[in-house]
Each structure stands twice: as structure tokens, then as C-alpha cells.
Amino acid sequence: MSLTLRTISREQHLAYIQSLPAASHCQVPAWADVKTEWRSENLGWFDGNGELVGAGLVLYRQLPKIKRYLAYLPEGPVINWYAPNLDDWMRPMLQHLKNQGAFSVKMGPPVVIRRWDAAAIKAGIQDPEVKRLRDIEATHIEPRAFEVSDRLRKMGWQQGEDGGAGFGDVQPRYVFQVPLANRSLDDVLKGFNQLWRRNIKKAEKAGVEVVQGGYDDLAEWQRLYEITAVRDRFRPRPLSYFQRMWTVLNNEDPNRMRLYFARHNGVNLSAATMLVVGGHVWYSYGASDNIGREVRPSNAMQWRMLRDAYAMGATVYDLRGISDSLDETDHLFGLIQFKVGTGGEAVEYIGEWDFPLNKLLHKALDIYMSRR
């Protein structure tokens, strides 16, 4: 099969994404408008009959002082990763990006390599010998994913020690997902652990209500988000980021981004943003106040979001990134503990890969990033 690659219009790109069961929200054309500090391009792969068979959103970031770029395809490109001729997909892409002035390419193949169900993770948490997810036998292993990794390595693609060079916007390698396909909502609720079910009931009894918000409610979202940032010691994104995100994503598709609030006695206690691409739904950002935790607003909100995702016909509800640490002393442990209560599964992707088109500049970037 001979493949050609060329720049495509946003309309072509969007139509291709819409023809698929799902794709990453980082690969929809409007994501480029969220990431305004990057230049962007929409790429399309065409087969011998001239049919569009793959697409990719590339973000270009210029190196300070020189006209060379880092080309990044977050959670993409959207191609047939299991094709035996993977080289025929990668070669024209690398050539094209080189012609565009890229000195290095980073991509995140949306290829899952391992899954661990909630029972396996719980057993791992209770075992003092277990420190990381990898120490537990996976519930499901995808052999084809190993072949993808092998092929990429043979072509000269590289992974850093931590699964990739540490520059900004790197997507998580480990995520937590609740599968919804071929399950009733009752099955999903039964999969929750006792604590989660109890907390959902507690919120209901206390009269917590979960409502959807709109663009005008983003300032209230920001208030809760900044409280969370102080508590969890991270640097919050500005309100303008979420306003832009809301505008550009919902202009592309009116159901692409949603906003939820859990409130008690008229006071908003927690909030979350949700992203939707086909059958894949993400809990994207979360925020909560320091008050009212006893009425369990976050559990109520997640349950409502999950039910809404189910009603939309979603096949998976994605709680996004987790650390692979199962060490109770690790500051990120609480995150996996909270998410595992939903009875879903931890999912490992094959991680992000780099291709140095100019080894010297690539090395310079690596050094620069490690010092930041």
C-alpha cells in the first residue's frame, strides 16, 4: 500500500475524526486553538485511491533565537498503528516535518499496552512488596503494542528514561478508565467500591445537587480551581485559558466541552470540566472548595458525569492521568486510591516517542528541559 501525506484543511480533518468511533481530544483540529503558543498544521495520509486514511494535529514550537521547531503530535497521530507497514506511515511524516523546519518530533501513539482491573490494583496496594503498577501482573496485555514499540525503535524513534523527554504538555502514560460498553448503569454502580456507593448515597441524602454550567459560570469554576491550586500546590491556568477552551472546542462541536458543579444549599462545593470526542469521554479538570467535604460533592459529581457519559452512548469514561506509584507514602497515591474506587481499570499507553531530525539541537533541547 503506497501512502502519501499532505496538509489538509481543518474541515477535512474534523470530518475524518467524526468518522471514527473515538480519538483523543488532543487530536481534534480545535485543540490547536487551545494551544495558542504553538503554531499548528493538520496532516492527512492518503492511500493509493486518494482516500483519507489517517490524520494528525501537529503543534510546532519554535526554539528561542533560531528558526527551527519542535513538532509535537499529542496523543497522535490518528492512524492504523497496527499496520504491518508502519514505516510507510512514519517516513512521509518525518520528511514533511523536516521540510517544515522541525529539528525534533515528539508523538504519543494512542496504543494501549497493559490494563489492570480494580481487584488487581487493590491486591497490589495491600501487598507491601508492591511499589508500582508494573510490579503487579497485568489483567490484560496487548501483544500487538509490543510490536508497535519494536517497529518504532527499529526506525530510530527513542524514549527517554521516564518514557520521554520532559518538556511541557507531556500527556500521561498511565490513565484510569471506567469501561461502559456492554454494561448496564447498574453494573457500573455495582463495580464501585462500598465507600464510593456510600458517599454517593450520603450526598443524595444531604441534598447535594449536580448542575451543568455554561461559559458565564467559568469565573465561578476559576474560584474553586484556584482554591484547589493553593491546597494541592500547583500553578493554576488563568481563567482566559478555560474561556478560550470553552469557546473554540464548543464552536467545533457544541457538545465537545461541558462544565459541572456540585452544590449544597446553593453553594458550589466542587466543579469539573468534561470533554467528549465520539464515544470517549474525559473528566478533564477538577476543582473543589475546602469546605463541605462531609457531604461528598465530588462523588456525587463524578456519578452524574458518568451517567451523562453513559446516556450519550460513550464506551469509556476516562478519569485521565494517574501515577504508577502504589506506595501509600507517595503524594500522588491518593489520586489512584480515589479513582480505583470507581471499579474501573488502570491503563498504560506505550508512552511518548522522540525522533531527533537534528541530533545536536535535540540534545540541546533535552539539556534545556532538564534544567528548567
# chains A, B, ... in the order shown; residues from 1 in each chain; ligands from 1
call {"tool": "select_by_dssp", "arguments": {"residues": "segment 69-222 of chain A", "states": "strand (DSSP E or B)", "output": "PyMOL selection string"}}
result
chain A and resi 69-73+78+102-107+112-117+132+140-141+158+174-179+209-213
call {"tool": "write_last_selection", "arguments": {"atoms": "C-alpha atoms", "output": "compact mmCIF listing (two decimals), in the first residue's frame"}}
result
# COMPACT_ATOMS: atom_id res chain seq x y z
CA TYR A 69 10.85 23.85 15.57
CA LEU A 70 9.91 21.07 17.88
CA ALA A 71 7.00 19.23 16.21
CA TYR A 72 4.58 17.60 18.63
CA LEU A 73 1.62 15.29 17.96
CA VAL A 78 -4.66 9.09 14.40
CA ALA A 102 11.42 20.67 12.62
CA PHE A 103 14.62 19.56 14.37
CA SER A 104 12.83 17.01 16.55
CA VAL A 105 9.47 15.20 16.51
CA LYS A 106 7.54 14.03 19.56
CA MET A 107 4.40 11.93 19.32
CA VAL A 112 -2.60 0.66 24.99
CA ILE A 113 -0.08 -1.92 26.18
CA ARG A 114 -1.45 -3.10 29.57
CA ARG A 115 -4.58 -2.91 31.72
CA TRP A 116 -5.05 -3.68 35.42
CA ASP A 117 -8.54 -4.13 36.85
CA ARG A 132 4.44 0.30 41.31
CA HIS A 140 -4.77 -7.74 30.10
CA ILE A 141 -1.70 -7.41 27.88
CA GLN A 158 13.57 6.90 21.05
CA TYR A 174 -0.95 5.95 32.82
CA VAL A 175 -4.64 6.79 32.97
CA PHE A 176 -7.68 5.44 34.78
CA GLN A 177 -10.77 4.43 32.78
CA VAL A 178 -14.24 3.09 33.53
CA PRO A 179 -15.37 0.88 30.62
CA GLU A 209 -27.39 18.74 43.53
CA VAL A 210 -25.21 18.47 40.43
CA VAL A 211 -25.85 21.00 37.67
CA GLN A 212 -24.31 21.85 34.32
CA GLY A 213 -22.81 25.30 33.82
call {"tool": "select_by_dssp", "arguments": {"residues": "segment 32-240 of chain A", "states": "helix (DSSP H, G or I)", "output": "MDAnalysis selection string"}}
result
chainID A and resid 32:34 86:99 118:126 133:135 143:155 185:191 194:206 215:232 239:240
call {"tool": "write_last_selection", "arguments": {"atoms": "C-alpha atoms", "output": "mmCIF file, in the first residue's frame"}}
result
data_model
loop_
_atom_site.group_PDB
_atom_site.id
_atom_site.type_symbol
_atom_site.label_atom_id
_atom_site.label_comp_id
_atom_site.auth_asym_id
_atom_site.auth_seq_id
_atom_site.Cartn_x
_atom_site.Cartn_y
_atom_site.Cartn_z
ATOM 1 C CA ALA A 32 -4.689 23.920 18.098
ATOM 2 C CA ASP A 33 -6.753 26.990 19.103
ATOM 3 C CA VAL A 34 -6.474 26.000 22.773
ATOM 4 C CA LEU A 86 4.158 1.281 9.948
ATOM 5 C CA ASP A 87 7.307 2.608 8.281
ATOM 6 C CA ASP A 88 5.199 3.720 5.263
ATOM 7 C CA TRP A 89 3.155 5.925 7.628
ATOM 8 C CA MET A 90 6.103 7.376 9.561
ATOM 9 C CA ARG A 91 8.540 8.045 6.688
ATOM 10 C CA PRO A 92 6.466 10.674 4.808
ATOM 11 C CA MET A 93 5.524 12.319 8.116
ATOM 12 C CA LEU A 94 9.155 12.738 9.200
ATOM 13 C CA GLN A 95 10.127 14.019 5.740
ATOM 14 C CA HIS A 96 7.295 16.554 5.771
ATOM 15 C CA LEU A 97 8.090 17.793 9.311
ATOM 16 C CA LYS A 98 11.764 18.115 8.398
ATOM 17 C CA ASN A 99 10.783 20.246 5.376
ATOM 18 C CA ALA A 118 -9.589 -2.672 40.208
ATOM 19 C CA ALA A 119 -9.257 -6.021 42.016
ATOM 20 C CA ALA A 120 -5.630 -6.440 40.874
ATOM 21 C CA ILE A 121 -4.774 -2.873 41.938
ATOM 22 C CA LYS A 122 -6.408 -3.305 45.365
ATOM 23 C CA ALA A 123 -4.453 -6.517 45.932
ATOM 24 C CA GLY A 124 -1.279 -4.663 44.890
ATOM 25 C CA ILE A 125 -1.943 -1.804 47.317
ATOM 26 C CA GLN A 126 -2.284 -4.329 50.161
ATOM 27 C CA LEU A 133 1.728 -0.828 38.910
ATOM 28 C CA ARG A 134 4.340 -2.713 36.890
ATOM 29 C CA ASP A 135 5.014 -4.900 39.957
ATOM 30 C CA PRO A 143 0.873 -8.188 22.365
ATOM 31 C CA ARG A 144 0.479 -6.011 19.249
ATOM 32 C CA ALA A 145 1.517 -2.963 21.287
ATOM 33 C CA PHE A 146 4.953 -4.540 21.883
ATOM 34 C CA GLU A 147 5.288 -4.962 18.113
ATOM 35 C CA VAL A 148 4.489 -1.262 17.614
ATOM 36 C CA SER A 149 7.225 -0.318 20.121
ATOM 37 C CA ASP A 150 9.722 -2.659 18.434
ATOM 38 C CA ARG A 151 8.962 -1.213 14.997
ATOM 39 C CA LEU A 152 9.366 2.358 16.237
ATOM 40 C CA ARG A 153 12.706 1.517 17.870
ATOM 41 C CA LYS A 154 13.975 -0.104 14.651
ATOM 42 C CA MET A 155 13.065 3.082 12.741
ATOM 43 C CA LEU A 185 -25.610 1.520 34.616
ATOM 44 C CA ASP A 186 -26.476 -0.887 37.409
ATOM 45 C CA ASP A 187 -23.373 -2.951 36.587
ATOM 46 C CA VAL A 188 -21.273 0.206 36.640
ATOM 47 C CA LEU A 189 -22.612 1.232 40.060
ATOM 48 C CA LYS A 190 -22.096 -2.299 41.409
ATOM 49 C CA GLY A 191 -18.458 -2.034 40.283
ATOM 50 C CA GLN A 194 -18.543 0.338 49.161
ATOM 51 C CA LEU A 195 -17.055 3.685 50.156
ATOM 52 C CA TRP A 196 -17.957 5.259 46.804
ATOM 53 C CA ARG A 197 -21.519 3.891 46.907
ATOM 54 C CA ARG A 198 -21.916 5.066 50.487
ATOM 55 C CA ASN A 199 -20.612 8.543 49.589
ATOM 56 C CA ILE A 200 -22.973 8.829 46.613
ATOM 57 C CA LYS A 201 -25.902 7.954 48.920
ATOM 58 C CA LYS A 202 -24.638 10.373 51.568
ATOM 59 C CA ALA A 203 -24.530 13.244 49.042
ATOM 60 C CA GLU A 204 -28.028 12.385 47.828
ATOM 61 C CA LYS A 205 -29.376 12.325 51.384
ATOM 62 C CA ALA A 206 -27.728 15.652 52.216
ATOM 63 C CA TYR A 215 -19.498 29.993 29.626
ATOM 64 C CA ASP A 216 -20.724 32.581 32.157
ATOM 65 C CA ASP A 217 -20.028 30.161 35.019
ATOM 66 C CA LEU A 218 -16.325 29.806 34.203
ATOM 67 C CA ALA A 219 -15.433 32.582 36.685
ATOM 68 C CA GLU A 220 -17.046 30.506 39.448
ATOM 69 C CA TRP A 221 -15.141 27.444 38.147
ATOM 70 C CA GLN A 222 -11.926 29.501 38.382
ATOM 71 C CA ARG A 223 -12.655 30.428 42.005
ATOM 72 C CA LEU A 224 -12.841 26.746 43.021
ATOM 73 C CA TYR A 225 -9.902 25.808 40.788
ATOM 74 C CA GLU A 226 -7.643 28.430 42.406
ATOM 75 C CA ILE A 227 -8.602 27.206 45.907
ATOM 76 C CA THR A 228 -7.570 23.714 44.726
ATOM 77 C CA ALA A 229 -4.276 25.031 43.314
ATOM 78 C CA VAL A 230 -3.312 26.578 46.669
ATOM 79 C CA ARG A 231 -4.249 23.392 48.540
ATOM 80 C CA ASP A 232 -2.511 20.991 46.148
ATOM 81 C CA LEU A 239 -9.396 31.998 33.506
ATOM 82 C CA SER A 240 -8.689 33.081 29.908
#
call {"tool": "residues_around", "arguments": {"residues": "segment 50-63 of chain A", "least_positions_apart": "3", "cutoff": "8 Å", "atoms": "only C-alpha atoms", "output": "mmCIF file with N, CA and C atoms, in the first residue's frame"}}
result
data_model
loop_
_atom_site.group_PDB
_atom_site.id
_atom_site.type_symbol
_atom_site.label_atom_id
_atom_site.label_comp_id
_atom_site.auth_asym_id
_atom_site.auth_seq_id
_atom_site.Cartn_x
_atom_site.Cartn_y
_atom_site.Cartn_z
ATOM 1 N N HIS A 13 -10.012 17.372 8.262
ATOM 2 C CA HIS A 13 -9.502 16.741 9.482
ATOM 3 C C HIS A 13 -10.663 16.393 10.425
ATOM 4 N N TYR A 16 -12.809 13.579 9.234
ATOM 5 C CA TYR A 16 -12.160 12.282 9.438
ATOM 6 C C TYR A 16 -12.311 11.821 10.888
ATOM 7 N N ILE A 17 -12.076 12.728 11.837
ATOM 8 C CA ILE A 17 -12.226 12.402 13.273
ATOM 9 C C ILE A 17 -13.662 11.967 13.562
ATOM 10 N N CYS A 26 -6.867 15.722 22.197
ATOM 11 C CA CYS A 26 -5.663 16.472 21.802
ATOM 12 C C CYS A 26 -5.428 16.400 20.293
ATOM 13 N N GLN A 27 -6.256 15.637 19.575
ATOM 14 C CA GLN A 27 -6.075 15.491 18.137
ATOM 15 C C GLN A 27 -7.230 16.068 17.319
ATOM 16 N N VAL A 28 -8.148 16.770 17.965
ATOM 17 C CA VAL A 28 -9.202 17.440 17.187
ATOM 18 C C VAL A 28 -8.628 18.779 16.703
ATOM 19 N N PRO A 29 -9.058 19.256 15.525
ATOM 20 C CA PRO A 29 -8.463 20.499 14.988
ATOM 21 C C PRO A 29 -8.522 21.674 15.958
ATOM 22 N N ALA A 32 -5.734 22.967 18.505
ATOM 23 C CA ALA A 32 -4.689 23.920 18.098
ATOM 24 C C ALA A 32 -5.023 25.330 18.591
ATOM 25 N N GLU A 37 0.123 29.142 21.977
ATOM 26 C CA GLU A 37 1.570 29.445 21.965
ATOM 27 C C GLU A 37 2.319 28.560 20.956
ATOM 28 N N TRP A 38 1.589 27.654 20.305
ATOM 29 C CA TRP A 38 2.177 26.786 19.286
ATOM 30 C C TRP A 38 1.588 27.157 17.919
ATOM 31 N N ARG A 39 2.390 26.968 16.866
ATOM 32 C CA ARG A 39 1.861 27.029 15.501
ATOM 33 C C ARG A 39 1.312 25.635 15.208
ATOM 34 N N SER A 40 0.340 25.521 14.308
ATOM 35 C CA SER A 40 -0.232 24.185 14.102
ATOM 36 C C SER A 40 -0.415 23.862 12.625
ATOM 37 N N GLU A 41 -0.587 22.564 12.358
ATOM 38 C CA GLU A 41 -0.838 22.087 10.991
ATOM 39 C C GLU A 41 -1.651 20.808 11.077
ATOM 40 N N ASN A 42 -2.554 20.633 10.105
ATOM 41 C CA ASN A 42 -3.357 19.405 10.033
ATOM 42 C C ASN A 42 -2.790 18.536 8.915
ATOM 43 N N LEU A 43 -2.404 17.320 9.279
ATOM 44 C CA LEU A 43 -1.813 16.404 8.297
ATOM 45 C C LEU A 43 -2.797 15.298 7.934
ATOM 46 N N GLY A 44 -2.741 14.868 6.657
ATOM 47 C CA GLY A 44 -3.582 13.756 6.231
ATOM 48 C C GLY A 44 -2.771 12.732 5.454
ATOM 49 N N TRP A 45 -3.053 11.455 5.723
ATOM 50 C CA TRP A 45 -2.442 10.359 4.962
ATOM 51 C C TRP A 45 -3.474 9.862 3.942
ATOM 52 N N PHE A 46 -3.036 9.672 2.708
ATOM 53 C CA PHE A 46 -3.941 9.214 1.648
ATOM 54 C C PHE A 46 -3.442 7.903 1.070
ATOM 55 N N ASP A 47 -4.387 6.981 0.793
ATOM 56 C CA ASP A 47 -3.996 5.707 0.183
ATOM 57 C C ASP A 47 -3.915 5.879 -1.341
ATOM 58 N N ILE A 66 16.332 30.709 17.217
ATOM 59 C CA ILE A 66 16.575 30.131 15.883
ATOM 60 C C ILE A 66 15.267 29.694 15.236
ATOM 61 N N LYS A 67 15.269 29.626 13.921
ATOM 62 C CA LYS A 67 14.029 29.308 13.205
ATOM 63 C C LYS A 67 13.889 27.802 12.998
ATOM 64 N N ARG A 68 13.983 27.070 14.082
ATOM 65 C CA ARG A 68 13.782 25.623 13.990
ATOM 66 C C ARG A 68 12.741 25.244 15.030
ATOM 67 N N TYR A 69 12.017 24.165 14.756
ATOM 68 C CA TYR A 69 10.848 23.855 15.574
ATOM 69 C C TYR A 69 10.897 22.462 16.193
ATOM 70 N N LEU A 70 10.232 22.372 17.313
ATOM 71 C CA LEU A 70 9.914 21.074 17.882
ATOM 72 C C LEU A 70 8.513 20.769 17.351
ATOM 73 N N ALA A 71 8.317 19.621 16.725
ATOM 74 C CA ALA A 71 6.998 19.228 16.207
ATOM 75 C C ALA A 71 6.405 18.198 17.157
ATOM 76 N N TYR A 72 5.194 18.454 17.606
ATOM 77 C CA TYR A 72 4.582 17.598 18.632
ATOM 78 C C TYR A 72 3.186 17.162 18.185
ATOM 79 N N LEU A 73 2.942 15.848 18.253
ATOM 80 C CA LEU A 73 1.618 15.290 17.960
ATOM 81 C C LEU A 73 1.092 14.660 19.240
ATOM 82 N N PRO A 74 0.384 15.444 20.091
ATOM 83 C CA PRO A 74 -0.070 14.902 21.377
ATOM 84 C C PRO A 74 -1.134 13.814 21.181
ATOM 85 N N GLY A 76 -1.216 11.353 19.362
ATOM 86 C CA GLY A 76 -1.465 11.110 17.942
ATOM 87 C C GLY A 76 -0.156 10.731 17.263
ATOM 88 N N PRO A 77 -0.201 10.587 15.914
ATOM 89 C CA PRO A 77 -1.330 10.839 15.033
ATOM 90 C C PRO A 77 -2.407 9.749 15.092
ATOM 91 N N VAL A 78 -3.538 10.032 14.423
ATOM 92 C CA VAL A 78 -4.656 9.090 14.397
ATOM 93 C C VAL A 78 -4.537 8.273 13.113
ATOM 94 N N ILE A 79 -3.813 7.158 13.235
ATOM 95 C CA ILE A 79 -3.551 6.298 12.073
ATOM 96 C C ILE A 79 -3.766 4.844 12.486
ATOM 97 N N ASN A 80 -3.572 3.926 11.552
ATOM 98 C CA ASN A 80 -3.639 2.499 11.882
ATOM 99 C C ASN A 80 -2.290 2.060 12.446
ATOM 100 N N ALA A 102 11.355 21.342 11.318
ATOM 101 C CA ALA A 102 11.418 20.672 12.622
ATOM 102 C C ALA A 102 12.802 20.062 12.832
#
call {"tool": "closest_residue", "arguments": {"among": "A:Tyr349, A:Phe192, A:Trp81, A:Trp31", "to": "Val277 of chain A", "atoms": "only C-alpha atoms"}}
result
A:Trp31
call {"tool": "closest_residue", "arguments": {"among": "A:Lys359, A:Gly351, A:Glu345, A:Leu275", "to": "Asn250 of chain A", "atoms": "only C-alpha atoms"}}
result
A:Leu275
call {"tool": "residues_around", "arguments": {"residues": "Val316 of chain A", "least_positions_apart": "3", "cutoff": "10 Å", "atoms": "only C-alpha atoms", "output": "NGL selection string"}}
result
:A and (22 or 177-181 or 279-282 or 306 or 309-310 or 313 or 319 or 344)
call {"tool": "write_last_selection", "arguments": {"atoms": "all heavy atoms", "output": "compact mmCIF listing (two decimals), in the first residue's frame"}}
result
# COMPACT_ATOMS: atom_id res chain seq x y z
N ALA A 22 -13.83 7.03 18.04
CA ALA A 22 -13.28 7.96 19.03
C ALA A 22 -11.87 8.36 18.62
O ALA A 22 -11.25 7.72 17.77
CB ALA A 22 -13.26 7.34 20.42
N GLN A 177 -9.55 4.42 33.60
CA GLN A 177 -10.77 4.43 32.78
C GLN A 177 -11.85 3.52 33.36
O GLN A 177 -11.53 2.46 33.91
CB GLN A 177 -10.45 3.97 31.35
CG GLN A 177 -9.48 4.87 30.62
CD GLN A 177 -9.11 4.34 29.23
OE1 GLN A 177 -9.38 3.19 28.89
NE2 GLN A 177 -8.50 5.20 28.42
N VAL A 178 -13.10 3.95 33.18
CA VAL A 178 -14.24 3.09 33.53
C VAL A 178 -14.88 2.65 32.21
O VAL A 178 -15.44 3.47 31.49
CB VAL A 178 -15.28 3.85 34.40
CG1 VAL A 178 -16.45 2.92 34.75
CG2 VAL A 178 -14.64 4.41 35.66
N PRO A 179 -14.77 1.35 31.87
CA PRO A 179 -15.37 0.88 30.62
C PRO A 179 -16.90 0.89 30.74
O PRO A 179 -17.44 0.49 31.77
CB PRO A 179 -14.85 -0.56 30.48
CG PRO A 179 -13.84 -0.76 31.54
CD PRO A 179 -14.11 0.26 32.61
N LEU A 180 -17.60 1.38 29.70
CA LEU A 180 -19.06 1.46 29.73
C LEU A 180 -19.72 0.56 28.68
O LEU A 180 -20.91 0.29 28.78
CB LEU A 180 -19.51 2.92 29.49
CG LEU A 180 -19.03 3.96 30.51
CD1 LEU A 180 -19.48 5.35 30.10
CD2 LEU A 180 -19.51 3.63 31.92
N ALA A 181 -18.96 0.14 27.68
CA ALA A 181 -19.54 -0.66 26.59
C ALA A 181 -20.09 -1.98 27.14
O ALA A 181 -19.45 -2.63 27.99
CB ALA A 181 -18.50 -0.93 25.52
N GLY A 279 -17.15 8.31 21.18
CA GLY A 279 -17.53 7.50 22.33
C GLY A 279 -16.58 7.60 23.52
O GLY A 279 -16.71 6.85 24.49
N HIS A 280 -15.61 8.52 23.44
CA HIS A 280 -14.64 8.65 24.53
C HIS A 280 -14.94 9.94 25.30
O HIS A 280 -14.99 11.02 24.71
CB HIS A 280 -13.22 8.71 23.96
CG HIS A 280 -12.15 8.33 24.94
ND1 HIS A 280 -11.21 7.35 24.67
CD2 HIS A 280 -11.87 8.77 26.18
CE1 HIS A 280 -10.39 7.23 25.72
NE2 HIS A 280 -10.78 8.08 26.64
N VAL A 281 -15.18 9.81 26.59
CA VAL A 281 -15.49 10.97 27.43
C VAL A 281 -14.44 11.10 28.53
O VAL A 281 -14.10 10.11 29.18
CB VAL A 281 -16.90 10.81 28.06
CG1 VAL A 281 -17.16 11.89 29.10
CG2 VAL A 281 -17.97 10.87 26.97
N TRP A 282 -13.91 12.31 28.70
CA TRP A 282 -12.87 12.55 29.71
C TRP A 282 -13.36 13.46 30.82
O TRP A 282 -13.99 14.49 30.54
CB TRP A 282 -11.65 13.24 29.09
CG TRP A 282 -10.86 12.46 28.14
CD1 TRP A 282 -9.72 11.72 28.39
CD2 TRP A 282 -11.09 12.33 26.73
NE1 TRP A 282 -9.26 11.15 27.25
CE2 TRP A 282 -10.07 11.49 26.20
CE3 TRP A 282 -12.07 12.83 25.87
CZ2 TRP A 282 -10.00 11.16 24.85
CZ3 TRP A 282 -12.01 12.50 24.52
CH2 TRP A 282 -10.99 11.67 24.03
N LEU A 306 -20.63 10.48 34.94
CA LEU A 306 -20.55 9.13 34.39
C LEU A 306 -21.91 8.72 33.77
O LEU A 306 -21.96 8.15 32.68
CB LEU A 306 -20.16 8.16 35.51
CG LEU A 306 -19.26 7.01 35.09
CD1 LEU A 306 -18.37 6.60 36.25
CD2 LEU A 306 -20.05 5.82 34.64
N ALA A 309 -22.31 10.56 30.54
CA ALA A 309 -21.47 9.94 29.50
C ALA A 309 -22.17 8.69 28.97
O ALA A 309 -22.22 8.45 27.75
CB ALA A 309 -20.10 9.59 30.08
N TYR A 310 -22.73 7.91 29.89
CA TYR A 310 -23.43 6.68 29.52
C TYR A 310 -24.64 7.00 28.63
O TYR A 310 -24.87 6.35 27.61
CB TYR A 310 -23.88 5.95 30.79
CG TYR A 310 -24.45 4.57 30.53
CD1 TYR A 310 -23.60 3.46 30.47
CD2 TYR A 310 -25.81 4.37 30.31
CE1 TYR A 310 -24.11 2.19 30.22
CE2 TYR A 310 -26.32 3.12 30.06
CZ TYR A 310 -25.47 2.02 30.02
OH TYR A 310 -25.98 0.78 29.74
N GLY A 313 -24.03 7.50 25.10
CA GLY A 313 -23.57 6.33 24.36
C GLY A 313 -22.06 6.14 24.40
O GLY A 313 -21.49 5.45 23.56
N LEU A 319 -10.88 8.96 33.47
CA LEU A 319 -10.55 9.84 34.59
C LEU A 319 -9.14 10.41 34.46
O LEU A 319 -8.57 10.95 35.40
CB LEU A 319 -10.71 9.09 35.91
CG LEU A 319 -12.17 8.79 36.29
CD1 LEU A 319 -12.32 7.37 36.81
CD2 LEU A 319 -12.68 9.77 37.32
N GLY A 344 -13.01 0.87 37.91
CA GLY A 344 -12.51 0.84 36.53
C GLY A 344 -11.17 0.13 36.43
O GLY A 344 -10.87 -0.78 37.21
call {"tool": "closest_residue", "arguments": {"among": "A:Arg183, A:Arg235, A:Arg320, A:His264", "to": "Pro297 of chain A", "atoms": "only C-alpha atoms"}}
result
A:His264
call {"tool": "residues_around", "arguments": {"residues": "Thr329 of chain A", "least_positions_apart": "5", "cutoff": "12 Å", "atoms": "only C-alpha atoms", "output": "JSON list (two decimals) with C-alpha atoms, in the first residue's frame"}}
result
[["chain", "number", "residue", "atom", "x", "y", "z"],
["A", 125, "ILE", "CA", -1.94, -1.80, 47.32],
["A", 128, "PRO", "CA", 3.96, -4.40, 50.96],
["A", 131, "LYS", "CA", 5.57, -0.32, 44.91],
["A", 334, "GLY", "CA", -4.47, 9.50, 46.89]]
call {"tool": "closest_residue", "arguments": {"among": "A:Leu326, A:Leu269, A:Ala23, A:Met301", "to": "Pro110 of chain A", "atoms": "only C-alpha atoms"}}
result
A:Ala23
call {"tool": "atom_distance", "arguments": {"atom1": "atom CA of Asn255 of chain A", "atom2": "atom CA of Ala311 of chain A"}}
result
13.1 Å
call {"tool": "closest_residue", "arguments": {"among": "A:Glu348, A:Asp366, A:Asp308, A:Glu142", "to": "Pro172 of chain A", "atoms": "only C-alpha atoms"}}
result
A:Glu348
call {"tool": "residues_around", "arguments": {"residues": "Asn265 of chain A", "least_positions_apart": "2", "cutoff": "8 Å", "atoms": "only C-alpha atoms", "output": "list in words"}}
result
Gly207, Val208, Arg263 and Val267 of chain A
call {"tool": "write_last_selection", "arguments": {"atoms": "N, CA, C and O atoms", "output": "PDB file, in the first residue's frame"}}
result
ATOM      1  N   GLY A 207     -28.805  16.275  50.122  1.00  0.00           N
ATOM      2  CA  GLY A 207     -29.413  17.223  49.184  1.00  0.00           C
ATOM      3  C   GLY A 207     -28.418  17.905  48.259  1.00  0.00           C
ATOM      4  O   GLY A 207     -28.679  19.008  47.770  1.00  0.00           O
ATOM      5  N   VAL A 208     -27.272  17.248  47.998  1.00  0.00           N
ATOM      6  CA  VAL A 208     -26.306  17.805  47.038  1.00  0.00           C
ATOM      7  C   VAL A 208     -26.919  17.709  45.640  1.00  0.00           C
ATOM      8  O   VAL A 208     -27.422  16.667  45.248  1.00  0.00           O
ATOM      9  N   ARG A 263     -23.412  21.339  44.155  1.00  0.00           N
ATOM     10  CA  ARG A 263     -23.698  22.391  45.135  1.00  0.00           C
ATOM     11  C   ARG A 263     -24.575  21.884  46.276  1.00  0.00           C
ATOM     12  O   ARG A 263     -25.331  20.926  46.109  1.00  0.00           O
ATOM     13  N   VAL A 267     -24.589  26.618  47.525  1.00  0.00           N
ATOM     14  CA  VAL A 267     -23.155  26.946  47.457  1.00  0.00           C
ATOM     15  C   VAL A 267     -22.424  25.896  46.626  1.00  0.00           C
ATOM     16  O   VAL A 267     -22.551  24.691  46.889  1.00  0.00           O
TER      17      VAL A 267
END
call {"tool": "closest_residue", "arguments": {"among": "A:Gln171, A:Trp303, A:Glu252, A:Pro238", "to": "Leu14 of chain A", "atoms": "only C-alpha atoms"}}
result
A:Glu252
call {"tool": "atom_distance", "arguments": {"atom1": "atom CA of Val276 of chain A", "atom2": "atom CA of Phe261 of chain A"}}
result
17.5 Å
